[in-house]
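Undergrad: What follows is query.txt, compact mmCIF, C-alpha atoms and all ligand atoms.
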```txt
# COMPACT_ATOMS: atom_id res chain seq x y z
CA MET A 1 116.23 98.07 156.25
CA SER A 2 117.72 94.61 156.37
CA ASN A 3 120.15 95.55 159.13
CA HIS A 4 117.70 97.48 161.25
CA PRO A 5 118.14 96.47 164.87
CA THR A 6 114.73 95.35 166.01
CA SER A 7 113.35 94.22 162.71
CA VAL A 8 110.88 91.48 163.50
CA ARG A 9 112.31 89.71 160.51
CA GLN A 10 115.10 88.51 162.73
CA THR A 11 112.74 86.40 164.79
CA GLY A 12 112.02 82.83 163.88
CA SER A 13 108.61 82.54 162.29
CA SER A 14 107.55 83.72 158.84
CA PRO A 15 105.80 87.04 158.16
CA LEU A 16 102.54 85.21 157.57
CA GLU A 17 102.71 83.38 160.89
CA ARG A 18 103.56 86.57 162.73
CA LEU A 19 100.60 88.32 161.14
CA LEU A 20 98.29 85.44 162.06
CA HIS A 21 99.62 85.39 165.59
CA ILE A 22 98.85 89.09 166.01
CA LEU A 23 95.39 88.57 164.50
CA ALA A 24 94.71 85.66 166.82
CA LEU A 25 95.40 87.97 169.76
CA THR A 26 93.30 90.78 168.30
CA GLU A 27 90.15 91.63 170.26
CA GLU A 28 87.10 93.61 169.28
CA ARG A 29 87.81 96.12 172.02
CA GLU A 30 91.33 96.91 173.05
CA LEU A 31 92.93 99.38 175.38
CA THR A 32 95.36 101.87 173.86
CA CYS A 33 98.91 102.26 175.14
CA GLU A 34 97.87 105.36 177.01
CA GLU A 35 94.98 103.60 178.74
CA VAL A 36 97.22 100.70 179.67
CA SER A 37 99.86 102.99 181.08
CA GLN A 38 97.27 104.38 183.49
CA LEU A 39 97.05 100.95 185.06
CA THR A 40 100.43 99.26 184.91
CA ASP A 41 101.73 100.46 188.27
CA TYR A 42 98.64 99.10 189.98
CA TYR A 43 98.71 95.96 187.84
CA ALA A 44 102.36 95.33 188.73
CA GLU A 45 101.72 95.60 192.44
CA LEU A 46 98.75 93.28 192.22
CA GLU A 47 100.86 90.80 190.32
CA GLN A 48 103.59 91.20 192.90
CA ALA A 49 101.02 90.42 195.58
CA GLY A 50 100.10 87.21 193.77
CA GLU A 51 96.70 88.35 192.47
CA SER A 52 95.51 86.91 189.17
CA VAL A 53 95.92 90.04 187.15
CA GLN A 54 94.82 88.34 183.93
CA GLN A 55 91.38 87.94 185.40
CA LEU A 56 91.25 91.33 187.05
CA PHE A 57 92.54 93.25 184.04
CA PRO A 58 92.20 91.09 180.93
CA GLY A 59 92.46 94.17 178.72
CA VAL A 60 95.85 95.07 180.12
CA THR A 61 97.11 91.50 179.82
CA GLN A 62 95.94 91.34 176.21
CA HIS A 63 97.60 94.65 175.38
CA LEU A 64 100.87 93.55 176.95
CA ARG A 65 100.82 90.48 174.73
CA ILE A 66 100.21 92.41 171.57
CA CYS A 67 102.18 95.63 172.04
CA PRO A 68 105.97 95.24 172.12
CA GLU A 69 106.69 98.66 173.60
CA CYS A 70 104.25 98.37 176.49
CA ALA A 71 105.46 94.83 177.12
CA GLU A 72 109.04 96.02 177.28
CA GLU A 73 108.13 98.85 179.60
CA TYR A 74 106.18 96.52 181.83
CA ARG A 75 109.10 94.10 182.08
CA ALA A 76 111.33 97.02 182.97
CA LEU A 77 108.87 98.28 185.55
CA ARG A 78 108.76 94.87 187.20
CA ARG A 79 112.52 94.84 187.34
CA VAL A 80 112.79 98.38 188.65
CA ILE A 81 110.36 97.76 191.49
CA GLY A 82 112.18 94.59 192.38
CA MET A 83 110.07 91.82 190.93
CA ASN A 84 111.93 88.83 189.57
CA GLY A 85 111.32 86.42 186.77
CA ASP A 86 109.55 86.86 183.46
CA ALA A 87 106.36 88.81 183.00
CA MET B 1 117.76 107.42 202.55
CA SER B 2 114.10 106.87 202.90
CA THR B 3 111.77 105.63 200.25
CA GLU B 4 109.76 104.34 203.18
CA ARG B 5 107.52 107.37 203.08
CA SER B 6 103.81 106.80 202.78
CA ASN B 7 102.19 108.06 199.61
CA GLU B 8 100.82 110.98 201.52
CA ALA B 9 104.23 111.82 202.92
CA TRP B 10 105.78 111.72 199.45
CA LEU B 11 103.22 114.15 198.13
CA ASN B 12 103.40 116.41 201.16
CA ASP B 13 107.17 116.51 201.10
CA LEU B 14 107.43 117.09 197.38
CA ASN B 15 104.85 119.84 197.65
CA ALA B 16 106.63 121.46 200.58
CA ASP B 17 109.25 124.20 200.44
CA GLY B 18 112.89 124.28 201.33
CA PRO B 19 114.80 121.36 202.83
CA THR B 20 111.78 119.05 203.15
CA ARG B 21 111.22 119.17 199.43
CA ASP B 22 114.93 118.97 198.64
CA ASN B 23 115.31 115.87 200.79
CA ALA B 24 112.33 114.16 199.22
CA LEU B 25 113.56 114.97 195.75
CA ARG B 26 117.04 113.74 196.59
CA ASP B 27 115.63 110.47 197.93
CA LEU B 28 113.47 110.01 194.88
CA LEU B 29 116.37 110.68 192.53
CA ALA B 30 118.68 108.32 194.39
CA TRP B 31 116.08 105.57 194.37
CA LEU B 32 115.31 105.97 190.67
CA GLU B 33 118.95 106.16 189.74
CA ARG B 34 119.85 103.00 191.61
CA ARG B 35 116.90 101.02 190.28
CA LEU B 36 117.36 102.22 186.71
CA PHE B 37 121.02 101.34 186.94
CA PHE B 38 120.21 97.72 187.86
CA TYR B 39 117.81 97.52 184.99
CA LEU B 40 120.01 99.16 182.36
CA ARG B 41 122.98 97.05 183.37
CA GLU B 42 121.08 93.94 182.35
CA ARG B 43 120.04 95.18 178.92
CA SER B 44 121.95 93.27 176.28
CA ASP B 45 121.82 96.15 173.83
CA LEU B 46 123.79 98.28 176.30
CA ASN B 47 126.53 95.82 177.10
CA ARG B 48 129.03 97.82 175.04
CA LEU B 49 128.84 100.47 177.80
CA ASN B 50 130.97 100.22 180.92
CA GLU B 51 129.66 100.52 184.45
CA ASP B 52 130.36 104.25 184.72
CA GLU B 53 128.61 104.98 181.47
CA ILE B 54 125.56 103.02 182.59
CA LYS B 55 125.62 104.90 185.89
CA GLN B 56 125.70 108.18 184.05
CA MET B 57 122.87 107.07 181.83
CA ALA B 58 120.79 106.03 184.85
CA ALA B 59 121.52 109.38 186.50
CA ASP B 60 120.42 111.28 183.40
CA PHE B 61 117.23 109.28 183.04
CA ALA B 62 116.46 109.71 186.75
CA GLN B 63 117.00 113.44 186.48
CA GLU B 64 114.73 113.81 183.44
CA SER B 65 112.09 111.58 184.95
CA ALA B 66 112.08 113.44 188.25
CA LEU B 67 111.10 116.61 186.41
CA ILE B 68 108.21 114.83 184.76
CA ILE B 69 107.18 113.23 188.04
CA LEU B 70 107.12 116.62 189.75
CA GLU B 71 105.05 118.00 186.93
CA LYS B 72 102.58 115.12 187.01
CA LYS B 73 102.37 114.41 190.72
CA GLY B 74 98.93 116.01 190.85
CA GLN B 75 97.69 113.17 188.66
CA PHE B 76 98.84 110.46 191.06
CA GLN B 77 95.73 108.65 192.24
CA GLY B 78 97.24 106.57 194.97
CA ARG B 79 96.31 103.19 193.55
CA SER B 80 99.89 102.01 193.85
CA ARG B 81 102.87 103.02 195.94
CA PHE B 82 104.15 106.42 194.93
CA THR B 83 107.53 104.93 194.02
CA THR B 84 105.91 102.36 191.72
CA TRP B 85 104.03 105.13 189.99
CA ALA B 86 107.23 107.15 189.72
CA ALA B 87 109.08 104.11 188.38
CA LYS B 88 106.45 103.69 185.69
CA ILE B 89 107.06 107.25 184.52
CA ALA B 90 110.82 106.83 184.66
CA VAL B 91 110.72 103.59 182.69
CA HIS B 92 108.53 105.17 180.03
CA GLN B 93 110.91 108.09 179.76
CA ALA B 94 114.07 105.95 179.70
CA LEU B 95 112.81 103.35 177.27
CA GLY B 96 111.32 106.02 175.06
CA GLU B 97 114.72 107.61 174.79
CA LEU B 98 116.44 104.33 174.09
CA ARG B 99 113.94 103.62 171.33
CA ARG B 100 114.45 107.08 169.95
CA ALA B 101 118.21 106.61 169.87
CA ARG B 102 117.89 103.27 168.20
CA TRP B 103 115.44 104.44 165.56
CA ARG B 104 116.95 107.88 165.19
CA ASP B 105 117.56 107.56 161.50
CA LEU B 106 114.19 106.12 160.76
CA SER B 107 112.78 107.20 157.46
CA LEU B 108 109.51 105.51 156.90
CA ASP B 109 109.51 106.16 153.17
CA GLU B 110 112.82 104.41 152.93
CA LEU B 111 111.77 101.55 155.18
CA THR B 112 108.61 100.81 153.33
CA ALA B 113 110.01 101.45 149.87
CA GLU B 114 111.22 97.94 149.29
CA GLY B 115 108.62 96.06 151.21
CA ALA B 116 104.91 95.65 151.39
CA PHE B 117 102.51 92.89 152.12
CA GLU B 118 102.87 90.88 148.96
CA PRO B 119 102.12 87.20 148.51
CA HIS B 120 105.75 86.46 147.86
CA PHE B 121 106.82 88.33 150.97
CA LEU B 122 104.13 86.86 153.22
CA SER B 123 105.02 83.31 152.33
CA GLN B 124 108.70 83.78 153.06
CA GLY B 125 110.01 81.06 155.31
CA MET B 126 106.89 78.92 155.00
CA GLN B 127 107.38 75.25 154.27
CA PRO B 128 103.95 74.12 153.26
CA THR B 129 103.00 70.52 152.88
CA PRO B 130 100.52 69.63 150.13
CA GLU B 131 97.77 69.87 152.78
CA THR B 132 98.75 73.25 154.17
CA GLN B 133 99.53 74.80 150.80
CA ALA B 134 95.86 75.32 150.01
CA VAL B 135 95.18 76.92 153.40
CA GLN B 136 98.21 79.13 153.03
CA ASN B 137 97.11 80.27 149.59
CA ALA B 138 93.60 81.02 150.81
CA VAL B 139 94.90 83.05 153.76
CA ILE B 140 97.26 85.05 151.59
CA ALA B 141 94.54 85.69 149.01
CA THR B 142 92.22 86.99 151.73
CA VAL B 143 94.89 89.16 153.29
CA MET B 144 95.77 90.66 149.90
CA GLU B 145 92.16 91.29 149.07
CA VAL B 146 91.50 93.12 152.34
CA MET B 147 94.72 95.07 151.97
CA GLN B 148 93.89 96.21 148.49
CA HIS B 149 90.21 96.87 148.82
CA GLU B 150 89.43 97.60 152.44
CA LEU B 151 92.47 99.16 154.07
CA SER B 152 93.71 102.67 153.45
CA GLU B 153 97.24 103.29 152.31
CA ARG B 154 98.05 104.62 155.78
CA GLN B 155 96.72 101.46 157.38
CA GLN B 156 98.79 99.29 155.09
CA GLN B 157 101.87 101.37 155.72
CA ALA B 158 101.36 101.42 159.48
CA LEU B 159 100.68 97.70 159.64
CA TYR B 160 103.77 96.92 157.65
CA ALA B 161 106.03 99.25 159.64
CA ARG B 162 104.73 97.93 162.92
CA LEU B 163 104.27 94.22 162.33
CA VAL B 164 107.02 93.56 159.88
CA LEU B 165 109.70 96.13 160.63
CA GLY B 166 108.93 96.44 164.33
CA VAL B 167 108.91 100.23 164.31
CA PRO B 168 107.87 101.49 167.78
CA ILE B 169 104.49 103.15 167.82
CA ASP B 170 105.78 106.49 169.12
CA MET B 171 108.40 106.73 166.39
CA LEU B 172 105.96 105.67 163.75
CA ALA B 173 103.43 108.23 164.92
CA GLU B 174 106.00 110.96 164.47
CA GLN B 175 106.83 109.78 160.99
CA MET B 176 103.20 109.59 160.00
CA ASN B 177 102.26 112.95 161.52
CA SER B 178 99.95 111.27 163.95
CA ASN B 179 99.95 110.40 167.64
CA PRO B 180 100.35 106.98 169.26
CA ASN B 181 96.71 106.80 170.31
CA ALA B 182 95.29 107.54 166.88
CA LEU B 183 97.80 105.25 165.27
CA TYR B 184 96.96 102.43 167.65
CA LYS B 185 93.32 102.74 166.68
CA LEU B 186 94.13 102.89 162.97
CA ILE B 187 96.11 99.66 163.20
CA HIS B 188 93.58 98.04 165.50
CA ASP B 189 90.83 98.68 162.94
CA ALA B 190 93.00 97.13 160.25
CA ARG B 191 93.69 94.05 162.39
CA LYS B 192 90.00 93.62 163.14
CA ARG B 193 89.10 93.89 159.46
CA LEU B 194 91.63 91.24 158.53
CA LYS B 195 90.53 88.96 161.33
CA HIS B 196 86.83 89.27 160.45
CA ARG B 197 87.37 88.46 156.81
CA LEU B 198 89.53 85.44 157.62
CA ILE B 199 86.95 84.12 160.07
CA GLU B 200 84.15 84.66 157.53
CA ARG B 201 86.03 82.38 155.18
CA GLY B 202 86.57 79.72 157.77
CA LEU B 203 90.20 80.68 158.23
CA SER B 204 90.31 81.69 161.87
CA PRO B 205 93.89 82.75 162.69
CA GLU B 206 94.11 80.32 165.63
CA ASP B 207 93.00 77.36 163.52
CA VAL B 208 95.26 78.24 160.64
CA LEU B 209 98.25 78.57 162.94
CA ALA B 210 97.44 75.21 164.44
CA THR B 211 97.27 73.71 160.95
CA PHE B 212 100.70 75.12 160.10
CA LYS B 213 102.17 73.69 163.28
CA ASP B 214 100.93 70.16 162.70
ZN ZN A 301 101.09 99.63 173.98
```
The structure in this file should be written as structure tokens.
Ligand SMILES: [Zn+2]

TA:
Amino acid sequence: MSNHPTSVRQTGSSPLERLLHILALTEERELTCEEVSQLTDYYAELEQAGESVQQLFPGVTQHLRICPECAEEYRALRRVIGMNGDA
Amino acid sequence: MSTERSNEAWLNDLNADGPTRDNALRDLLAWLERRLFFYLRERSDLNRLNEDEIKQMAADFAQESALIILEKKGQFQGRSRFTTWAAKIAVHQALGELRRARWRDLSLDELTAEGAFEPHFLSQGMQPTPETQAVQNAVIATVMEVMQHELSERQQQALYARLVLGVPIDMLAEQMNSNPNALYKLIHDARKRLKHRLIERGLSPEDVLATFKD
């Protein structure tokens, strides 16, 4: 386990802080990965067009902050469709 | 090469027969391959591969994705450009495979055998001052109490695998004989439970984190 590639243990903060961070981001209602993936193409184009996607789709923004896989896929999508910079 | 088609033209062409369809498919493949290549080339975990190997990988992913895109094109709702929608599917396919390769040997029993949410584990790396020690202890006590009395074994296991080990949700779902959606909800319920209890005791996660940072 200790040498597993993406173990969160390798990141800076302690397990307790990571847990608290996730809990701080936790909302009563959240979209699932599947629901988010229905929207990310649209969301990406709106972001590309300079719209404030956080306000238009707060549920998607929240999910992208809390779910590492969807966040990674979103970053990749931005790159693939030619958007620059960090998500 | 034209990815300049309108959404309607993409759908018409891909739904057509003969050369029209072949051309559209070829354009789509070429576009996906090129874009995936640029992306994959920048991934630090793939920098052991040379340019040709990355090209091959991009071609394979484009090929696999194109099949899925053809299968799903009836579900395209036209909210984005067709290519953006297609890219989303390709990225999901490609990254899913990369995750799968990376976590191929995952055995959840093994991963969770040595670890669990225990006070000693949770406090790893913390450097409490006399002031924050009490808060830290109270948080850990609450977390342990919820874990032991309010969360199922599956919730504890899923939370640990996901938050501590970083196991991707799709891989974890397979290991736990579940599906990503159900697993997401299981973990979400666990997170909410923990958050509620902490807030009830005046230990809102935001405030506690701020205390630790001071
Ligand atoms: Zn997700």

Undergrad: Which residue gives the smallest distance to Pro180 in chain B among B:Leu106, B:Val164, B:Leu122, B:Ala158, with only C-alpha atoms counted?

TA: B:Ala158

Undergrad: Find the residue from A:Gln48, A:Gln55, A:Gln62, A:Ser14 that sits nearest to chain B; use all atoms listed in the file when measuring.

TA: A:Ser14

Undergrad: Take CA of Ala76 in chain A and CA of Arg29 in chain A and report the distance between them in Å, one decimal.

TA: 26.0 Å

Undergrad: Quick one, how far is CA of Leu20 in chain A from CA of Ser107 in chain B?

TA: 26.5 Å

Undergrad: Could you tell me how far CA of Glu206 in chain B sits from CA of Pro128 in chain B, in Å to one decimal place?

TA: 17.0 Å

Undergrad: What residues in chain A have any atom no more than 10 Å from chain B when counting all atoms listed in the file, and can you write them as a PDB file with C-alpha atoms, in the frame of the given file?

TA:
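Result file follows (out-v7.pdb):
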```
ATOM      1  CA  MET A   1     116.230  98.070 156.250  1.00  0.00           C
ATOM      2  CA  SER A   2     117.720  94.610 156.370  1.00  0.00           C
ATOM      3  CA  HIS A   4     117.700  97.480 161.250  1.00  0.00           C
ATOM      4  CA  PRO A   5     118.140  96.470 164.870  1.00  0.00           C
ATOM      5  CA  THR A   6     114.730  95.350 166.010  1.00  0.00           C
ATOM      6  CA  SER A   7     113.350  94.220 162.710  1.00  0.00           C
ATOM      7  CA  VAL A   8     110.880  91.480 163.500  1.00  0.00           C
ATOM      8  CA  ARG A   9     112.310  89.710 160.510  1.00  0.00           C
ATOM      9  CA  GLN A  10     115.100  88.510 162.730  1.00  0.00           C
ATOM     10  CA  GLY A  12     112.020  82.830 163.880  1.00  0.00           C
ATOM     11  CA  SER A  13     108.610  82.540 162.290  1.00  0.00           C
ATOM     12  CA  SER A  14     107.550  83.720 158.840  1.00  0.00           C
ATOM     13  CA  PRO A  15     105.800  87.040 158.160  1.00  0.00           C
ATOM     14  CA  LEU A  16     102.540  85.210 157.570  1.00  0.00           C
ATOM     15  CA  GLU A  17     102.710  83.380 160.890  1.00  0.00           C
ATOM     16  CA  ARG A  18     103.560  86.570 162.730  1.00  0.00           C
ATOM     17  CA  LEU A  19     100.600  88.320 161.140  1.00  0.00           C
ATOM     18  CA  LEU A  20      98.290  85.440 162.060  1.00  0.00           C
ATOM     19  CA  HIS A  21      99.620  85.390 165.590  1.00  0.00           C
ATOM     20  CA  ILE A  22      98.850  89.090 166.010  1.00  0.00           C
ATOM     21  CA  LEU A  23      95.390  88.570 164.500  1.00  0.00           C
ATOM     22  CA  ALA A  24      94.710  85.660 166.820  1.00  0.00           C
ATOM     23  CA  LEU A  25      95.400  87.970 169.760  1.00  0.00           C
ATOM     24  CA  THR A  26      93.300  90.780 168.300  1.00  0.00           C
ATOM     25  CA  GLU A  27      90.150  91.630 170.260  1.00  0.00           C
ATOM     26  CA  GLU A  28      87.100  93.610 169.280  1.00  0.00           C
ATOM     27  CA  ARG A  29      87.810  96.120 172.020  1.00  0.00           C
ATOM     28  CA  GLU A  30      91.330  96.910 173.050  1.00  0.00           C
ATOM     29  CA  LEU A  31      92.930  99.380 175.380  1.00  0.00           C
ATOM     30  CA  THR A  32      95.360 101.870 173.860  1.00  0.00           C
ATOM     31  CA  CYS A  33      98.910 102.260 175.140  1.00  0.00           C
ATOM     32  CA  GLU A  34      97.870 105.360 177.010  1.00  0.00           C
ATOM     33  CA  GLU A  35      94.980 103.600 178.740  1.00  0.00           C
ATOM     34  CA  SER A  37      99.860 102.990 181.080  1.00  0.00           C
ATOM     35  CA  GLN A  38      97.270 104.380 183.490  1.00  0.00           C
ATOM     36  CA  LEU A  39      97.050 100.950 185.060  1.00  0.00           C
ATOM     37  CA  THR A  40     100.430  99.260 184.910  1.00  0.00           C
ATOM     38  CA  ASP A  41     101.730 100.460 188.270  1.00  0.00           C
ATOM     39  CA  TYR A  42      98.640  99.100 189.980  1.00  0.00           C
ATOM     40  CA  TYR A  43      98.710  95.960 187.840  1.00  0.00           C
ATOM     41  CA  ALA A  44     102.360  95.330 188.730  1.00  0.00           C
ATOM     42  CA  GLU A  45     101.720  95.600 192.440  1.00  0.00           C
ATOM     43  CA  LEU A  46      98.750  93.280 192.220  1.00  0.00           C
ATOM     44  CA  CYS A  67     102.180  95.630 172.040  1.00  0.00           C
ATOM     45  CA  PRO A  68     105.970  95.240 172.120  1.00  0.00           C
ATOM     46  CA  GLU A  69     106.690  98.660 173.600  1.00  0.00           C
ATOM     47  CA  CYS A  70     104.250  98.370 176.490  1.00  0.00           C
ATOM     48  CA  GLU A  72     109.040  96.020 177.280  1.00  0.00           C
ATOM     49  CA  GLU A  73     108.130  98.850 179.600  1.00  0.00           C
ATOM     50  CA  TYR A  74     106.180  96.520 181.830  1.00  0.00           C
ATOM     51  CA  ARG A  75     109.100  94.100 182.080  1.00  0.00           C
ATOM     52  CA  ALA A  76     111.330  97.020 182.970  1.00  0.00           C
ATOM     53  CA  LEU A  77     108.870  98.280 185.550  1.00  0.00           C
ATOM     54  CA  ARG A  78     108.760  94.870 187.200  1.00  0.00           C
ATOM     55  CA  ARG A  79     112.520  94.840 187.340  1.00  0.00           C
ATOM     56  CA  VAL A  80     112.790  98.380 188.650  1.00  0.00           C
ATOM     57  CA  ILE A  81     110.360  97.760 191.490  1.00  0.00           C
ATOM     58  CA  GLY A  82     112.180  94.590 192.380  1.00  0.00           C
TER      59      GLY A  82
END
```

Undergrad: Centre and edge lengths of an axis-aligned box around all listed atoms of range 69-84 of chain A, with 4 Å added on each side, are to be given in Å to one decimal, as AutoDock Vina command-line options.

TA:
```
--center_x 108.5 --center_y 93.8 --center_z 183.0 --size_x 16.5 --size_y 18.0 --size_z 26.8
```

Undergrad: Identify which of the residues B:Glu153, B:Ala141, B:Ile187, B:Glu51 lies closest to ligand ZN 301 (chain A), counting all atoms listed in the file when measuring atom-to-atom distances.

TA: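 Once distances to ligand ZN 301 (chain A) are computed over all atoms listed in the file, the minimum belongs to B:Ile187.
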
Undergrad: May I have the protein, DNA and RNA residues with an atom at most 10 Å from (110.9, 117.0, 203.2), counting only C-alpha atoms in the file's coordinates, returned as JSON, numbers by chain?

TA: {"B": [9, 10, 11, 12, 13, 14, 15, 16, 17, 18, 19, 20, 21, 22, 23, 24, 25, 26, 27]}

Undergrad: Between A:Leu56, A:Met83, A:Leu64, A:Ala49, which has the minimum distance to ligand ZN 301 (chain A) (counting only C-alpha atoms and all ligand atoms)?

TA: A:Leu64

Undergrad: With all atoms listed in the file as the atoms that count, which of B:Gln175, B:Thr142, B:Thr211, B:Gln155 lies nearest to Thr129 in chain B?

TA: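 Between B:Gln175, B:Thr142, B:Thr211, B:Gln155, the residue approaching Thr129 in chain B most closely is B:Thr211.
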